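Asker: Handing over query-v7.pdb, PDB, C-alpha atoms.
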ATOM      1  CA  LEU A 431     139.698 -14.785  89.183  1.00  0.00           C
ATOM      2  CA  PRO A 432     140.217 -11.932  86.663  1.00  0.00           C
ATOM      3  CA  LEU A 433     141.365  -9.619  89.486  1.00  0.00           C
ATOM      4  CA  CYS A 434     143.963 -12.132  90.678  1.00  0.00           C
ATOM      5  CA  GLU A 435     145.182 -12.653  87.129  1.00  0.00           C
ATOM      6  CA  LYS A 436     145.441  -8.911  86.626  1.00  0.00           C
ATOM      7  CA  ALA A 437     147.374  -8.466  89.881  1.00  0.00           C
ATOM      8  CA  LEU A 438     149.820 -11.163  88.789  1.00  0.00           C
ATOM      9  CA  ALA A 439     150.310  -9.512  85.397  1.00  0.00           C
ATOM     10  CA  VAL A 440     150.964  -6.132  87.035  1.00  0.00           C
ATOM     11  CA  HIS A 441     153.525  -7.566  89.448  1.00  0.00           C
ATOM     12  CA  GLU A 442     155.308  -9.451  86.690  1.00  0.00           C
ATOM     13  CA  ARG A 443     155.464  -6.341  84.529  1.00  0.00           C
ATOM     14  CA  GLN A 444     156.358  -3.823  87.224  1.00  0.00           C
ATOM     15  CA  LEU A 445     158.508  -5.900  89.570  1.00  0.00           C
ATOM     16  CA  GLY A 446     159.669  -8.838  87.492  1.00  0.00           C
ATOM     17  CA  PRO A 447     158.850 -12.553  87.289  1.00  0.00           C
ATOM     18  CA  ASP A 448     161.007 -13.480  90.291  1.00  0.00           C
ATOM     19  CA  HIS A 449     159.969 -10.836  92.816  1.00  0.00           C
ATOM     20  CA  PRO A 450     158.475 -11.962  96.170  1.00  0.00           C
ATOM     21  CA  ALA A 451     155.354  -9.911  95.426  1.00  0.00           C
ATOM     22  CA  THR A 452     154.968 -11.882  92.206  1.00  0.00           C
ATOM     23  CA  ALA A 453     155.172 -15.054  94.264  1.00  0.00           C
ATOM     24  CA  THR A 454     152.373 -13.738  96.472  1.00  0.00           C
ATOM     25  CA  SER A 455     150.200 -13.074  93.427  1.00  0.00           C
ATOM     26  CA  LEU A 456     150.972 -16.543  92.085  1.00  0.00           C
ATOM     27  CA  ASN A 457     149.996 -18.027  95.426  1.00  0.00           C
ATOM     28  CA  ASN A 458     146.739 -16.056  95.559  1.00  0.00           C
ATOM     29  CA  LEU A 459     145.759 -17.154  92.071  1.00  0.00           C
ATOM     30  CA  ALA A 460     146.649 -20.758  92.893  1.00  0.00           C
ATOM     31  CA  LEU A 461     144.527 -20.609  96.056  1.00  0.00           C
ATOM     32  CA  LEU A 462     141.541 -19.584  93.973  1.00  0.00           C
ATOM     33  CA  HIS A 463     142.048 -22.392  91.454  1.00  0.00           C
ATOM     34  CA  TYR A 464     142.488 -24.830  94.339  1.00  0.00           C
ATOM     35  CA  ALA A 465     139.258 -23.679  95.978  1.00  0.00           C
ATOM     36  CA  MET A 466     137.500 -24.277  92.652  1.00  0.00           C
ATOM     37  CA  GLY A 467     138.921 -27.802  92.458  1.00  0.00           C
ATOM     38  CA  GLN A 468     141.161 -26.905  89.515  1.00  0.00           C
ATOM     39  CA  TYR A 469     144.226 -28.682  90.873  1.00  0.00           C
ATOM     40  CA  GLU A 470     146.104 -28.919  87.573  1.00  0.00           C
ATOM     41  CA  ARG A 471     145.894 -25.160  87.152  1.00  0.00           C
ATOM     42  CA  ALA A 472     146.870 -24.482  90.736  1.00  0.00           C
ATOM     43  CA  ARG A 473     149.881 -26.779  90.845  1.00  0.00           C
ATOM     44  CA  PRO A 474     152.286 -24.937  88.493  1.00  0.00           C
ATOM     45  CA  LEU A 475     151.407 -21.638  90.157  1.00  0.00           C
ATOM     46  CA  TYR A 476     152.159 -23.033  93.608  1.00  0.00           C
ATOM     47  CA  GLU A 477     155.372 -24.597  92.340  1.00  0.00           C
ATOM     48  CA  ARG A 478     156.572 -21.368  90.768  1.00  0.00           C
ATOM     49  CA  ALA A 479     155.742 -19.376  93.917  1.00  0.00           C
ATOM     50  CA  LEU A 480     157.723 -21.888  95.968  1.00  0.00           C
ATOM     51  CA  ARG A 481     160.761 -21.620  93.691  1.00  0.00           C
ATOM     52  CA  ILE A 482     160.717 -17.825  93.882  1.00  0.00           C
ATOM     53  CA  ARG A 483     160.448 -17.783  97.648  1.00  0.00           C
ATOM     54  CA  GLU A 484     163.207 -20.334  98.111  1.00  0.00           C
ATOM     55  CA  VAL A 485     165.580 -18.260  95.982  1.00  0.00           C
ATOM     56  CA  GLN A 486     164.573 -14.756  97.036  1.00  0.00           C
ATOM     57  CA  LEU A 487     163.637 -15.295 100.682  1.00  0.00           C
ATOM     58  CA  GLY A 488     165.444 -18.488 101.628  1.00  0.00           C
ATOM     59  CA  ARG A 489     164.589 -22.139 102.082  1.00  0.00           C
ATOM     60  CA  ASP A 490     163.679 -21.628 105.738  1.00  0.00           C
ATOM     61  CA  HIS A 491     161.606 -18.448 105.426  1.00  0.00           C
ATOM     62  CA  PRO A 492     158.044 -18.531 106.837  1.00  0.00           C
ATOM     63  CA  ASP A 493     156.650 -17.598 103.405  1.00  0.00           C
ATOM     64  CA  THR A 494     158.488 -20.582 101.964  1.00  0.00           C
ATOM     65  CA  ALA A 495     156.766 -22.726 104.590  1.00  0.00           C
ATOM     66  CA  THR A 496     153.434 -21.318 103.430  1.00  0.00           C
ATOM     67  CA  SER A 497     154.184 -22.345  99.853  1.00  0.00           C
ATOM     68  CA  LEU A 498     155.239 -25.806 101.012  1.00  0.00           C
ATOM     69  CA  SER A 499     152.011 -26.175 102.999  1.00  0.00           C
ATOM     70  CA  ASN A 500     149.844 -25.047 100.107  1.00  0.00           C
ATOM     71  CA  LEU A 501     151.513 -27.356  97.610  1.00  0.00           C
ATOM     72  CA  GLY A 502     151.405 -30.220 100.091  1.00  0.00           C
ATOM     73  CA  ALA A 503     147.698 -29.675 100.705  1.00  0.00           C
ATOM     74  CA  LEU A 504     147.059 -29.721  96.968  1.00  0.00           C
ATOM     75  CA  HIS A 505     148.902 -33.012  96.547  1.00  0.00           C
ATOM     76  CA  MET A 506     146.989 -34.478  99.500  1.00  0.00           C
ATOM     77  CA  SER A 507     143.642 -33.384  98.039  1.00  0.00           C
ATOM     78  CA  ALA A 508     144.640 -35.005  94.747  1.00  0.00           C
ATOM     79  CA  GLY A 509     145.599 -38.227  96.518  1.00  0.00           C
ATOM     80  CA  HIS A 510     149.318 -37.799  95.828  1.00  0.00           C
ATOM     81  CA  TYR A 511     150.336 -38.664  99.368  1.00  0.00           C
ATOM     82  CA  ASP A 512     153.953 -39.540  98.614  1.00  0.00           C
ATOM     83  CA  GLU A 513     154.477 -36.118  97.072  1.00  0.00           C
ATOM     84  CA  ALA A 514     152.651 -34.325  99.883  1.00  0.00           C
ATOM     85  CA  LEU A 515     154.599 -35.898 102.752  1.00  0.00           C
ATOM     86  CA  PRO A 516     158.044 -34.262 102.348  1.00  0.00           C
ATOM     87  CA  LEU A 517     156.440 -30.884 101.673  1.00  0.00           C
ATOM     88  CA  LEU A 518     154.311 -30.954 104.824  1.00  0.00           C
ATOM     89  CA  GLU A 519     157.144 -32.338 106.932  1.00  0.00           C
ATOM     90  CA  ARG A 520     159.451 -29.564 105.768  1.00  0.00           C
ATOM     91  CA  ALA A 521     156.779 -26.916 106.353  1.00  0.00           C
ATOM     92  CA  LEU A 522     156.352 -28.121 109.936  1.00  0.00           C
ATOM     93  CA  ALA A 523     160.105 -28.101 110.566  1.00  0.00           C
ATOM     94  CA  ILE A 524     160.333 -24.485 109.354  1.00  0.00           C
ATOM     95  CA  ARG A 525     157.374 -23.397 111.477  1.00  0.00           C
ATOM     96  CA  GLN A 526     158.828 -24.998 114.577  1.00  0.00           C
ATOM     97  CA  SER A 527     162.290 -23.523 114.078  1.00  0.00           C
ATOM     98  CA  ARG A 528     161.271 -20.048 112.919  1.00  0.00           C
ATOM     99  CA  MET A 529     157.956 -19.451 114.687  1.00  0.00           C
ATOM    100  CA  GLY A 530     158.389 -21.641 117.749  1.00  0.00           C
ATOM    101  CA  THR A 531     156.694 -24.781 118.991  1.00  0.00           C
ATOM    102  CA  GLU A 532     153.769 -22.880 120.520  1.00  0.00           C
ATOM    103  CA  HIS A 533     152.854 -20.680 117.533  1.00  0.00           C
ATOM    104  CA  LEU A 534     149.476 -20.960 115.837  1.00  0.00           C
ATOM    105  CA  ASP A 535     151.159 -21.453 112.461  1.00  0.00           C
ATOM    106  CA  THR A 536     152.944 -24.432 113.980  1.00  0.00           C
ATOM    107  CA  ALA A 537     149.585 -25.793 115.132  1.00  0.00           C
ATOM    108  CA  ALA A 538     148.280 -25.502 111.574  1.00  0.00           C
ATOM    109  CA  ALA A 539     151.328 -27.331 110.221  1.00  0.00           C
ATOM    110  CA  LEU A 540     150.886 -30.064 112.838  1.00  0.00           C
ATOM    111  CA  SER A 541     147.243 -30.519 111.846  1.00  0.00           C
ATOM    112  CA  ASN A 542     148.101 -30.641 108.144  1.00  0.00           C
ATOM    113  CA  LEU A 543     150.691 -33.360 108.628  1.00  0.00           C
ATOM    114  CA  ALA A 544     148.391 -35.238 111.007  1.00  0.00           C
ATOM    115  CA  ALA A 545     145.639 -35.180 108.374  1.00  0.00           C
ATOM    116  CA  LEU A 546     148.035 -36.706 105.854  1.00  0.00           C
ATOM    117  CA  TYR A 547     149.023 -39.461 108.254  1.00  0.00           C
ATOM    118  CA  GLU A 548     145.349 -40.092 108.993  1.00  0.00           C
ATOM    119  CA  SER A 549     144.530 -40.266 105.288  1.00  0.00           C
ATOM    120  CA  THR A 550     147.206 -42.912 104.788  1.00  0.00           C
ATOM    121  CA  GLY A 551     146.074 -45.000 107.746  1.00  0.00           C
ATOM    122  CA  GLN A 552     148.941 -43.970 110.030  1.00  0.00           C
ATOM    123  CA  CYS A 553     146.687 -43.031 112.910  1.00  0.00           C
ATOM    124  CA  GLY A 554     149.351 -43.695 115.510  1.00  0.00           C
ATOM    125  CA  ARG A 555     151.536 -41.003 113.961  1.00  0.00           C
ATOM    126  CA  ALA A 556     148.622 -38.596 113.543  1.00  0.00           C
ATOM    127  CA  LEU A 557     147.456 -38.792 117.169  1.00  0.00           C
ATOM    128  CA  PRO A 558     150.307 -36.933 118.942  1.00  0.00           C
ATOM    129  CA  LEU A 559     150.280 -34.229 116.265  1.00  0.00           C
ATOM    130  CA  TYR A 560     146.558 -33.575 116.691  1.00  0.00           C
ATOM    131  CA  GLU A 561     147.019 -33.577 120.473  1.00  0.00           C
ATOM    132  CA  GLN A 562     149.817 -31.024 120.238  1.00  0.00           C
ATOM    133  CA  ALA A 563     147.778 -28.811 117.901  1.00  0.00           C
ATOM    134  CA  LEU A 564     144.868 -28.898 120.350  1.00  0.00           C
ATOM    135  CA  ARG A 565     147.114 -27.937 123.250  1.00  0.00           C
ATOM    136  CA  ILE A 566     148.484 -24.958 121.288  1.00  0.00           C
ATOM    137  CA  HIS A 567     145.002 -23.751 120.384  1.00  0.00           C
ATOM    138  CA  GLU A 568     143.781 -24.048 123.958  1.00  0.00           C
ATOM    139  CA  THR A 569     146.829 -22.181 125.253  1.00  0.00           C
ATOM    140  CA  GLN A 570     146.997 -19.447 122.626  1.00  0.00           C
ATOM    141  CA  LEU A 571     143.305 -18.920 121.845  1.00  0.00           C
ATOM    142  CA  GLY A 572     141.466 -20.298 124.827  1.00  0.00           C
ATOM    143  CA  PRO A 573     139.218 -23.325 125.439  1.00  0.00           C
ATOM    144  CA  GLU A 574     136.167 -21.727 123.788  1.00  0.00           C
ATOM    145  CA  HIS A 575     137.656 -20.568 120.476  1.00  0.00           C
ATOM    146  CA  PRO A 576     136.314 -21.978 117.164  1.00  0.00           C
ATOM    147  CA  SER A 577     139.833 -23.124 116.218  1.00  0.00           C
ATOM    148  CA  THR A 578     139.962 -25.073 119.462  1.00  0.00           C
ATOM    149  CA  ALA A 579     136.677 -26.697 118.474  1.00  0.00           C
ATOM    150  CA  ILE A 580     138.187 -27.722 115.138  1.00  0.00           C
ATOM    151  CA  SER A 581     141.149 -29.328 116.910  1.00  0.00           C
ATOM    152  CA  LEU A 582     138.787 -31.117 119.294  1.00  0.00           C
ATOM    153  CA  ASN A 583     136.804 -32.440 116.356  1.00  0.00           C
ATOM    154  CA  ASN A 584     139.931 -33.580 114.493  1.00  0.00           C
ATOM    155  CA  LEU A 585     141.017 -35.581 117.506  1.00  0.00           C
ATOM    156  CA  ALA A 586     137.523 -36.972 118.071  1.00  0.00           C
ATOM    157  CA  VAL A 587     137.249 -38.184 114.463  1.00  0.00           C
ATOM    158  CA  LEU A 588     140.630 -39.905 114.766  1.00  0.00           C
ATOM    159  CA  TYR A 589     139.635 -41.653 117.991  1.00  0.00           C
ATOM    160  CA  ARG A 590     136.378 -42.747 116.360  1.00  0.00           C
ATOM    161  CA  SER A 591     138.275 -44.233 113.409  1.00  0.00           C
ATOM    162  CA  LEU A 592     140.397 -46.144 115.938  1.00  0.00           C
ATOM    163  CA  GLY A 593     137.249 -47.455 117.598  1.00  0.00           C
ATOM    164  CA  GLN A 594     138.025 -45.578 120.820  1.00  0.00           C
ATOM    165  CA  TYR A 595     134.547 -44.149 121.196  1.00  0.00           C
ATOM    166  CA  ASP A 596     134.887 -43.426 124.906  1.00  0.00           C
ATOM    167  CA  LYS A 597     137.731 -41.023 124.145  1.00  0.00           C
ATOM    168  CA  ALA A 598     136.025 -39.527 121.110  1.00  0.00           C
ATOM    169  CA  LEU A 599     132.707 -38.732 122.796  1.00  0.00           C
ATOM    170  CA  PRO A 600     133.721 -35.994 125.283  1.00  0.00           C
ATOM    171  CA  LEU A 601     135.841 -34.292 122.628  1.00  0.00           C
ATOM    172  CA  CYS A 602     133.015 -34.309 120.105  1.00  0.00           C
ATOM    173  CA  GLU A 603     130.481 -33.083 122.673  1.00  0.00           C
ATOM    174  CA  ARG A 604     132.791 -30.269 123.760  1.00  0.00           C
ATOM    175  CA  ALA A 605     133.457 -29.224 120.163  1.00  0.00           C
ATOM    176  CA  LEU A 606     129.732 -29.007 119.451  1.00  0.00           C
ATOM    177  CA  ALA A 607     129.065 -27.027 122.637  1.00  0.00           C
ATOM    178  CA  ILE A 608     131.706 -24.459 121.595  1.00  0.00           C
ATOM    179  CA  LYS A 609     130.250 -24.119 118.124  1.00  0.00           C
ATOM    180  CA  LYS A 610     126.744 -23.604 119.485  1.00  0.00           C
ATOM    181  CA  ARG A 611     127.894 -20.894 121.893  1.00  0.00           C
ATOM    182  CA  VAL A 612     130.245 -19.074 119.536  1.00  0.00           C
ATOM    183  CA  LEU A 613     128.676 -19.589 116.112  1.00  0.00           C
ATOM    184  CA  GLY A 614     125.032 -20.288 116.907  1.00  0.00           C
ATOM    185  CA  SER A 615     122.822 -23.308 116.395  1.00  0.00           C
ATOM    186  CA  ASP A 616     122.082 -22.482 112.758  1.00  0.00           C
ATOM    187  CA  HIS A 617     125.683 -22.115 111.574  1.00  0.00           C
ATOM    188  CA  PRO A 618     126.905 -24.689 108.975  1.00  0.00           C
ATOM    189  CA  ASP A 619     129.876 -25.613 111.185  1.00  0.00           C
ATOM    190  CA  THR A 620     127.493 -26.302 114.060  1.00  0.00           C
ATOM    191  CA  ALA A 621     125.389 -28.485 111.790  1.00  0.00           C
ATOM    192  CA  ARG A 622     128.490 -30.470 110.814  1.00  0.00           C
ATOM    193  CA  GLY A 623     129.370 -30.842 114.476  1.00  0.00           C
ATOM    194  CA  MET A 624     125.905 -32.214 115.178  1.00  0.00           C
ATOM    195  CA  GLY A 625     126.333 -34.682 112.333  1.00  0.00           C
ATOM    196  CA  ASN A 626     129.686 -35.841 113.712  1.00  0.00           C
ATOM    197  CA  LEU A 627     128.227 -36.344 117.180  1.00  0.00           C
ATOM    198  CA  ALA A 628     125.197 -38.161 115.776  1.00  0.00           C
ATOM    199  CA  ALA A 629     127.480 -40.524 113.868  1.00  0.00           C
ATOM    200  CA  LEU A 630     129.419 -41.190 117.042  1.00  0.00           C
ATOM    201  CA  TYR A 631     126.240 -41.938 119.000  1.00  0.00           C
ATOM    202  CA  GLU A 632     125.255 -44.369 116.241  1.00  0.00           C
ATOM    203  CA  SER A 633     128.627 -46.090 116.565  1.00  0.00           C
ATOM    204  CA  LEU A 634     127.958 -46.431 120.297  1.00  0.00           C
ATOM    205  CA  GLY A 635     124.503 -47.859 119.608  1.00  0.00           C
ATOM    206  CA  ASP A 636     122.745 -44.883 121.219  1.00  0.00           C
ATOM    207  CA  TYR A 637     120.258 -44.372 118.407  1.00  0.00           C
ATOM    208  CA  ALA A 638     117.873 -42.239 120.463  1.00  0.00           C
ATOM    209  CA  LYS A 639     120.508 -39.547 120.977  1.00  0.00           C
ATOM    210  CA  ALA A 640     121.614 -39.806 117.357  1.00  0.00           C
ATOM    211  CA  LEU A 641     118.035 -39.341 116.162  1.00  0.00           C
ATOM    212  CA  GLY A 642     117.576 -36.338 118.429  1.00  0.00           C
ATOM    213  CA  LEU A 643     120.508 -34.586 116.737  1.00  0.00           C
ATOM    214  CA  HIS A 644     119.196 -35.365 113.261  1.00  0.00           C
ATOM    215  CA  GLU A 645     115.756 -33.905 114.021  1.00  0.00           C
TER     216      GLU A 645
END
Before we go any further, please render this structure as structure tokens.

Answerer:
Amino acid sequence: LPLCEKALAVHERQLGPDHPATATSLNNLALLHYAMGQYERARPLYERALRIREVQLGRDHPDTATSLSNLGALHMSAGHYDEALPLLERALAIRQSRMGTEHLDTAAALSNLAALYESTGQCGRALPLYEQALRIHETQLGPEHPSTAISLNNLAVLYRSLGQYDKALPLCERALAIKKRVLGSDHPDTARGMGNLAALYESLGDYAKALGLHE
């Protein structure tokens, strides 16, 4: 935290309060506060970084999309869904127009907006976004990449919440298999994947398989 604050002070002094590099320092400091759960400290930093980027770089610049995504994620984490929605929608539109529909940054924006829809009970709107993000990850990174596993898991969790366990199961099993191969059986992400699959088995009434994953 002190290093990020010092970097911000240097940029403000040497380059000015409205320089793009100052916006980057503001964003970095906000990210740290956000990671620490200090949303009220992160918010004005994110907002200021966004204003700088909109003025200095343009409303449709990729860095502006990053600021929109970060601020939208903060609002979503704080439960301010109405405030998060236009930010995440705009971030996705910029990614699609500037980076292309098959770019990994577009996949991230799709997943962010899908997560918001899911959080507000709009699973029907979340589903095609998660599916598109998965397709991008499989195409750009391959079927065995950890990011592909995350997309598989996102889609599996959504299907489970919809009660479509038959669709969720192969996705969840595939996600766990990737994590075991790529990250190892003792990795925290693998452990979470095992927990997700165990919960799904429980929903299906297959308690023997669920117990085997918990052991």

Asker: Which one of A:Leu630, A:Leu592, A:Met624, A:Val485 sits closest to Gln552 of chain A if you count only C-alpha atoms?

Answerer: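 Using only C-alpha atoms, the shortest distance to Gln552 of chain A belongs to A:Leu592.
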
Asker: Between A:Ser549, A:Leu588, A:Gln444, A:Leu643, which is the closest to Gly509 of chain A once you count all atoms listed in the file?

Answerer: A:Ser549

Asker: Identify all residues satisfying the PyMOL selection byres ((chain A and resi 464) around 12) in the given file; provide them as a PyMOL selection string.

Answerer: chain A and resi 431+457-463+465-476+500-508

Asker: Just so the selection is clear, what residues does the PyMOL selection byres ((chain A and resi 535) around 10) cover here, as number ranges by chain?

Answerer: A: 492, 495-496, 521-522, 525-526, 529-534, 536-541, 563, 566

Asker: Please write out, as AutoDock Vina command-line options, where the centre of an axis-aligned box around all listed atoms of segment 441-455 of chain A lies and how long its edges are, in Å to one decimal, after adding 8 Å on each side.

Answerer:
--center_x 155.6 --center_y -9.4 --center_z 90.5 --size_x 26.8 --size_y 27.2 --size_z 27.9

Asker: Hey, can you check how far atom CA of His567 of chain A sits from atom CA of Leu543 of chain A?

Answerer: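 Straight-line distance from atom CA of His567 of chain A to atom CA of Leu543 of chain A works out to 16.2 Å.
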
Asker: When the PyMOL selection byres ((chain A and resi 579) around 12) is applied to the file above, which residues end up in the set, as a PDB file with C-alpha atoms, keeping the file's coordinate frame?

Answerer:
ATOM      1  CA  ALA A 563     147.778 -28.811 117.901  1.00  0.00           C
ATOM      2  CA  LEU A 564     144.868 -28.898 120.350  1.00  0.00           C
ATOM      3  CA  ARG A 565     147.114 -27.937 123.250  1.00  0.00           C
ATOM      4  CA  HIS A 567     145.002 -23.751 120.384  1.00  0.00           C
ATOM      5  CA  GLU A 568     143.781 -24.048 123.958  1.00  0.00           C
ATOM      6  CA  LEU A 571     143.305 -18.920 121.845  1.00  0.00           C
ATOM      7  CA  GLY A 572     141.466 -20.298 124.827  1.00  0.00           C
ATOM      8  CA  PRO A 573     139.218 -23.325 125.439  1.00  0.00           C
ATOM      9  CA  GLU A 574     136.167 -21.727 123.788  1.00  0.00           C
ATOM     10  CA  HIS A 575     137.656 -20.568 120.476  1.00  0.00           C
ATOM     11  CA  PRO A 576     136.314 -21.978 117.164  1.00  0.00           C
ATOM     12  CA  SER A 577     139.833 -23.124 116.218  1.00  0.00           C
ATOM     13  CA  THR A 578     139.962 -25.073 119.462  1.00  0.00           C
ATOM     14  CA  ILE A 580     138.187 -27.722 115.138  1.00  0.00           C
ATOM     15  CA  SER A 581     141.149 -29.328 116.910  1.00  0.00           C
ATOM     16  CA  LEU A 582     138.787 -31.117 119.294  1.00  0.00           C
ATOM     17  CA  ASN A 583     136.804 -32.440 116.356  1.00  0.00           C
ATOM     18  CA  ASN A 584     139.931 -33.580 114.493  1.00  0.00           C
ATOM     19  CA  LEU A 585     141.017 -35.581 117.506  1.00  0.00           C
ATOM     20  CA  ALA A 586     137.523 -36.972 118.071  1.00  0.00           C
ATOM     21  CA  PRO A 600     133.721 -35.994 125.283  1.00  0.00           C
ATOM     22  CA  LEU A 601     135.841 -34.292 122.628  1.00  0.00           C
ATOM     23  CA  CYS A 602     133.015 -34.309 120.105  1.00  0.00           C
ATOM     24  CA  GLU A 603     130.481 -33.083 122.673  1.00  0.00           C
ATOM     25  CA  ARG A 604     132.791 -30.269 123.760  1.00  0.00           C
ATOM     26  CA  ALA A 605     133.457 -29.224 120.163  1.00  0.00           C
ATOM     27  CA  LEU A 606     129.732 -29.007 119.451  1.00  0.00           C
ATOM     28  CA  ALA A 607     129.065 -27.027 122.637  1.00  0.00           C
ATOM     29  CA  ILE A 608     131.706 -24.459 121.595  1.00  0.00           C
ATOM     30  CA  LYS A 609     130.250 -24.119 118.124  1.00  0.00           C
ATOM     31  CA  LYS A 610     126.744 -23.604 119.485  1.00  0.00           C
ATOM     32  CA  ARG A 611     127.894 -20.894 121.893  1.00  0.00           C
ATOM     33  CA  VAL A 612     130.245 -19.074 119.536  1.00  0.00           C
ATOM     34  CA  LEU A 613     128.676 -19.589 116.112  1.00  0.00           C
ATOM     35  CA  ASP A 619     129.876 -25.613 111.185  1.00  0.00           C
ATOM     36  CA  THR A 620     127.493 -26.302 114.060  1.00  0.00           C
ATOM     37  CA  ARG A 622     128.490 -30.470 110.814  1.00  0.00           C
ATOM     38  CA  GLY A 623     129.370 -30.842 114.476  1.00  0.00           C
TER      39      GLY A 623
END

Asker: Write out as number ranges by chain which residues come within 8 Å of Leu515 of chain A when counting all atoms listed in the file, dropping same-chain ones fewer than 2 positions away.

Answerer: A: 502, 511-513, 517-519, 543, 546

Asker: Rounded to one decimal place, report the atom CA of Lys597 of chain A-atom CA of Gln570 of chain A distance in Å.

Answerer: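 It comes out at 23.5 Å.
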
Asker: Kindly give the distance, in Å, that separates atom CA of Ser615 of chain A and atom CA of Lys639 of chain A, rounded to a single decimal.

Answerer: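 Value for the atom CA of Ser615 of chain A-atom CA of Lys639 of chain A distance: 17.0 Å.
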
Asker: Taking all atoms listed in the file into account, which of A:Thr452, A:Asn542, A:Gln486, A:Gln562 comes nearest Leu498 of chain A?

Answerer: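 Using all atoms listed in the file, Leu498 of chain A sits closest to A:Asn542.
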